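Text of structure.cif, listed as mmCIF, C-alpha atoms:
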```cif
data_structure
loop_
_atom_site.label_atom_id
_atom_site.label_comp_id
_atom_site.auth_asym_id
_atom_site.auth_seq_id
_atom_site.Cartn_x
_atom_site.Cartn_y
_atom_site.Cartn_z
CA MET A 1 -10.06 17.42 -8.75
CA ARG A 2 -13.09 18.14 -6.58
CA VAL A 3 -13.11 17.16 -2.90
CA LEU A 4 -15.76 17.26 -0.17
CA ILE A 5 -14.56 17.58 3.44
CA ALA A 6 -17.17 16.43 5.94
CA GLU A 7 -15.83 17.44 9.35
CA ASP A 8 -17.47 19.22 12.29
CA ASP A 9 -14.31 20.85 13.70
CA GLU A 10 -14.59 24.26 12.05
CA ILE A 11 -10.98 25.26 12.71
CA LEU A 12 -9.63 22.00 11.32
CA VAL A 13 -11.89 22.02 8.29
CA ALA A 14 -10.96 25.62 7.45
CA ALA A 15 -7.26 24.76 7.62
CA LEU A 16 -7.69 21.61 5.52
CA ALA A 17 -9.78 23.39 2.90
CA ALA A 18 -7.26 26.22 2.59
CA GLY A 19 -4.36 23.77 2.30
CA LEU A 20 -6.06 21.57 -0.31
CA ARG A 21 -7.01 24.61 -2.38
CA GLN A 22 -3.34 25.58 -2.39
CA GLU A 23 -2.73 22.12 -3.83
CA GLY A 24 -5.01 22.98 -6.73
CA MET A 25 -8.11 21.12 -5.56
CA ALA A 26 -11.68 22.42 -5.60
CA VAL A 27 -12.97 21.96 -2.05
CA ASP A 28 -16.49 22.02 -0.60
CA VAL A 29 -17.20 21.74 3.12
CA ALA A 30 -19.94 20.08 5.16
CA LEU A 31 -20.07 20.43 8.95
CA ASP A 32 -22.48 17.55 9.61
CA GLY A 33 -23.64 14.32 8.05
CA ASP A 34 -26.88 15.70 6.66
CA ALA A 35 -25.02 18.45 4.80
CA ALA A 36 -22.50 15.89 3.51
CA LEU A 37 -25.27 13.79 1.95
CA GLU A 38 -26.90 16.89 0.46
CA HIS A 39 -23.62 17.94 -1.15
CA ALA A 40 -22.93 14.45 -2.49
CA ALA A 41 -26.41 14.27 -4.00
CA VAL A 42 -25.91 17.32 -6.22
CA ASN A 43 -22.15 17.39 -6.92
CA ARG A 44 -19.70 14.88 -8.36
CA TYR A 45 -16.70 14.49 -6.05
CA ASP A 46 -13.54 12.58 -6.77
CA VAL A 47 -12.90 12.11 -3.04
CA VAL A 48 -14.98 12.58 0.12
CA VAL A 49 -12.88 13.16 3.25
CA LEU A 50 -15.30 11.91 5.89
CA ASP A 51 -14.97 12.27 9.65
CA ARG A 52 -16.46 9.20 11.25
CA ASP A 53 -17.99 10.99 14.27
CA LEU A 54 -20.15 13.57 12.48
CA PRO A 55 -23.20 15.14 14.15
CA GLY A 56 -26.56 14.71 12.50
CA THR A 57 -26.30 11.68 10.24
CA HIS A 58 -23.36 9.74 11.65
CA GLY A 59 -20.28 9.34 9.45
CA ASP A 60 -20.85 5.57 9.36
CA ASP A 61 -24.32 6.11 7.90
CA VAL A 62 -23.02 8.67 5.40
CA CYS A 63 -20.49 6.10 4.22
CA ARG A 64 -23.12 3.37 4.00
CA THR A 65 -25.46 5.65 2.03
CA LEU A 66 -22.77 6.62 -0.47
CA ALA A 67 -21.77 2.99 -0.98
CA ALA A 68 -25.37 1.79 -1.30
CA GLY A 69 -26.16 4.52 -3.82
CA GLY A 70 -23.35 3.48 -6.11
CA SER A 71 -21.43 6.71 -5.63
CA GLU A 72 -18.28 6.93 -7.75
CA SER A 73 -16.63 9.11 -5.08
CA ARG A 74 -13.80 7.52 -3.13
CA VAL A 75 -14.17 7.85 0.65
CA LEU A 76 -11.25 8.64 2.95
CA MET A 77 -12.49 8.15 6.51
CA LEU A 78 -10.99 10.12 9.39
CA THR A 79 -11.27 9.18 13.05
CA ALA A 80 -9.62 9.82 16.38
CA ALA A 81 -9.69 6.07 17.09
CA ARG A 82 -6.47 4.27 16.18
CA SER A 83 -7.27 0.62 16.85
CA VAL A 84 -7.11 -1.99 14.10
CA ARG A 85 -10.70 -2.98 14.88
CA GLU A 86 -11.94 0.56 14.27
CA ARG A 87 -9.99 0.71 11.03
CA VAL A 88 -11.46 -2.57 9.80
CA GLU A 89 -14.97 -1.44 10.72
CA GLY A 90 -14.54 1.72 8.67
CA LEU A 91 -13.35 -0.17 5.63
CA GLU A 92 -16.20 -2.66 5.94
CA LEU A 93 -18.67 0.22 5.82
CA GLY A 94 -17.47 1.01 2.30
CA ALA A 95 -14.62 3.45 2.93
CA ASP A 96 -11.73 3.21 0.47
CA ASP A 97 -9.05 4.36 2.90
CA TYR A 98 -8.70 5.24 6.57
CA LEU A 99 -6.58 7.89 8.27
CA PRO A 100 -6.36 8.21 12.08
CA LYS A 101 -6.13 11.64 13.74
CA PRO A 102 -3.82 13.41 14.22
CA PHE A 103 -2.34 13.09 10.74
CA ASP A 104 0.29 14.81 8.68
CA PHE A 105 -1.15 17.12 6.01
CA ALA A 106 1.29 15.84 3.38
CA GLU A 107 0.02 12.29 3.98
CA LEU A 108 -3.58 13.46 3.63
CA VAL A 109 -2.76 15.08 0.28
CA ALA A 110 -0.96 11.95 -0.93
CA ARG A 111 -3.87 9.71 0.05
CA ILE A 112 -6.44 11.99 -1.62
CA ARG A 113 -4.44 12.03 -4.84
CA ALA A 114 -4.05 8.25 -4.74
CA LEU A 115 -7.80 7.77 -4.25
CA ALA A 116 -8.61 10.24 -7.02
CA ARG A 117 -6.46 8.23 -9.41
CA ARG A 118 -8.51 5.16 -8.51
CA ALA A 119 -11.79 7.05 -8.96
CA ALA A 120 -11.07 7.86 -12.59
CA ALA A 121 -9.40 6.23 -15.53
CA PRO A 122 -5.68 5.98 -14.76
CA LEU A 123 -3.71 8.98 -15.99
CA PRO A 124 -0.36 8.58 -17.67
CA GLY A 125 2.65 9.70 -15.68
CA ARG A 126 2.92 12.71 -17.98
CA LEU A 127 0.31 14.48 -20.13
CA GLU A 128 1.74 15.77 -23.39
CA ARG A 129 0.65 17.67 -26.46
CA GLY A 130 3.39 18.81 -28.82
CA ASP A 131 6.09 20.66 -26.87
CA LEU A 132 3.76 21.07 -23.86
CA SER A 133 3.85 18.59 -20.99
CA LEU A 134 2.33 18.35 -17.51
CA ASP A 135 3.35 16.05 -14.68
CA PRO A 136 0.09 15.68 -12.65
CA ALA A 137 1.83 14.19 -9.60
CA ARG A 138 4.54 16.86 -9.31
CA ARG A 139 2.22 19.68 -10.48
CA VAL A 140 4.83 20.88 -12.97
CA ALA A 141 4.11 22.14 -16.50
CA VAL A 142 6.83 22.61 -19.11
CA ARG A 143 6.76 24.03 -22.62
CA ALA A 144 9.73 23.83 -24.98
CA GLY A 145 11.96 22.94 -22.03
CA ARG A 146 10.84 25.93 -19.95
CA ARG A 147 9.01 25.42 -16.66
CA LEU A 148 5.82 27.47 -16.62
CA PRO A 149 4.99 29.63 -13.56
CA LEU A 150 1.38 28.49 -13.24
CA THR A 151 -0.93 28.99 -10.27
CA PRO A 152 -2.78 25.96 -8.81
CA LYS A 153 -5.97 26.94 -10.67
CA GLU A 154 -4.10 27.38 -13.97
CA LEU A 155 -2.46 23.98 -13.51
CA ALA A 156 -5.84 22.39 -12.79
CA VAL A 157 -7.42 23.96 -15.91
CA LEU A 158 -4.46 22.84 -18.02
CA GLU A 159 -4.79 19.29 -16.67
CA CYS A 160 -8.52 19.19 -17.52
CA LEU A 161 -7.83 20.33 -21.09
CA LEU A 162 -5.00 17.85 -21.63
CA VAL A 163 -6.96 14.94 -20.14
CA ALA A 164 -9.84 15.75 -22.54
CA ASP A 165 -7.46 14.79 -25.39
CA GLY A 166 -8.82 17.22 -27.96
CA ARG A 167 -12.44 17.22 -26.79
CA PRO A 168 -13.82 20.73 -26.22
CA VAL A 169 -14.33 21.27 -22.49
CA PRO A 170 -17.26 23.60 -21.67
CA ALA A 171 -16.68 26.46 -19.26
CA GLU A 172 -19.34 24.94 -17.00
CA GLU A 173 -17.37 21.70 -16.74
CA LEU A 174 -14.16 23.57 -15.92
CA LEU A 175 -16.02 25.55 -13.26
CA GLU A 176 -17.34 22.32 -11.72
CA ARG A 177 -14.02 20.45 -11.77
CA VAL A 178 -11.59 23.23 -10.84
CA TRP A 179 -13.55 25.60 -8.63
CA ASP A 180 -15.83 24.89 -5.67
CA GLU A 181 -19.37 25.79 -4.71
CA ALA A 182 -18.32 29.30 -3.68
CA ALA A 183 -17.60 30.15 -7.33
CA ASP A 184 -20.22 32.33 -9.02
CA PRO A 185 -21.29 30.58 -12.26
CA PHE A 186 -22.18 33.94 -13.79
CA THR A 187 -18.74 35.49 -13.43
CA SER A 188 -15.94 35.52 -16.01
CA THR A 189 -13.69 33.44 -13.75
CA VAL A 190 -13.06 30.69 -16.30
CA LYS A 191 -12.52 33.12 -19.18
CA THR A 192 -10.08 35.19 -17.11
CA THR A 193 -8.10 32.11 -16.02
CA ILE A 194 -7.96 30.83 -19.62
CA GLY A 195 -6.64 34.22 -20.69
CA ARG A 196 -3.85 34.16 -18.10
CA LEU A 197 -3.02 30.57 -18.98
CA ARG A 198 -2.79 31.40 -22.69
CA ALA A 199 -0.41 34.26 -21.95
CA LYS A 200 1.86 32.04 -19.84
CA LEU A 201 1.85 29.22 -22.40
CA GLY A 202 3.14 31.64 -25.03
CA ASP A 203 3.27 31.27 -28.80
CA PRO A 204 2.21 29.55 -30.88
CA PRO A 205 -1.17 29.38 -29.09
CA VAL A 206 -2.27 25.93 -27.96
CA ILE A 207 -5.67 26.61 -26.35
CA GLU A 208 -8.44 26.91 -28.93
CA THR A 209 -11.87 28.41 -28.25
CA VAL A 210 -14.58 26.28 -29.87
CA ARG A 211 -17.71 28.34 -30.35
CA GLU A 212 -20.59 27.22 -28.12
CA SER A 213 -18.53 24.18 -27.02
CA GLY A 214 -15.73 25.43 -24.78
CA TYR A 215 -11.96 25.19 -24.90
CA ARG A 216 -9.61 22.51 -26.15
CA ILE A 217 -5.95 21.70 -26.66
CA GLY A 218 -5.40 19.85 -29.91
CA GLY A 219 -8.31 19.18 -32.19
CA PRO A 220 -9.34 16.03 -33.99
#
```

Could you spell out this file's structure in structure tokens?
Amino acid sequence: MRVLIAEDDEILVAALAAGLRQEGMAVDVALDGDAALEHAAVNRYDVVVLDRDLPGTHGDDVCRTLAAGGSESRVLMLTAARSVRERVEGLELGADDYLPKPFDFAELVARIRALARRAAAPLPGRLERGDLSLDPARRVAVRAGRRLPLTPKELAVLECLLVADGRPVPAEELLERVWDEAADPFTSTVKTTIGRLRAKLGDPPVIETVRESGYRIGGP
């Protein structure tokens, strides 16, 4: 899952980005409305966490622009205002959800995951292939009855491969969906993570390398 946080409080945005990355999300950051629109124009985000009172292009105008442009990203609007009127205004601008500050981090995570599920085709409660299963909500992977000690990035890669349902997933797509803009596209990050994931999944191997196409779990 890829998320954009548009928030001008640098301390808050750093804390949120670090926390969401621990949850296995790829997170980009914009500190003003202009940067938020620039990011949204070149990247596909599942969810945009948008502070309403952004400098530069106001958060209201960012929301309007995304909605008018037919963006598939879901927008979670943040604001210090708590009145019902403010909340209704935000939703009328095109936001999909609204969270007043201060908020609990666990609630933010839950709302982002709920919006991401609405942004894409609904996922089953459990992704399975043979004796391998993944619970996307609980972030738990099991093979042959044994819980796998996967890192957030390994879990995210595994989810992408299982969701693809046998389609080869290019390394570039994995880099876009699992990592953020800080990732160097010319590094062996994806290959290294796939290698660690293969080792943890054990035998018989389930991740296949398809030449010039990427990686897949379960072929046609």

Selection near His39 of chain A, 9 Å with all atoms listed in the file, sequence-local residues under 5 positions removed, as an MDAnalysis selection string = chainID A and resid 4 28:30 34 44

So how far away is atom CA of Glu38 of chain A from atom CA of Pro100 of chain A, in Å?
->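 That distance, rounded to one decimal, is 25.1 Å.
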
Counting all atoms listed in the file, which residues come within 10 Å of (-14.1, 10.7, 5.5), with the point read in the file's coordinates, and could you list them as a ChimeraX atom specification?
-> /A:4-7,47-54,59-60,62-63,74-79,90,95-99

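The space between atom CA of Leu115 of chain A and atom CA of Asp131 of chain A spans 29.5 Å.
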
To one decimal in Å, tell me the separation between atom CA of Ala67 of chain A and atom CA of Arg2 of chain A.
->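 Straight-line distance from atom CA of Ala67 of chain A to atom CA of Arg2 of chain A works out to 18.3 Å.
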
Write out as a list of chain:residue names which residues come within 12 Å of Ala137 of chain A when counting only C-alpha atoms, dropping same-chain ones fewer than 5 positions away.
->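 My reading of the contact set: A:Glu23, A:Gly24, A:Val109, A:Ala110, A:Ile112, A:Arg113, A:Ala114, A:Ala116, A:Arg117, A:Leu123, A:Pro124, A:Gly125, A:Arg126, A:Leu127, A:Leu155, A:Ala156, A:Glu159.
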
In the coordinate frame of the file, compute which residues have an atom within 9 Å of (-2.2, 21.1, -1.8) when using only C-alpha atoms, and state them as a VMD selection string.
-> chain A and resid 18 to 25 105 to 106 109 152
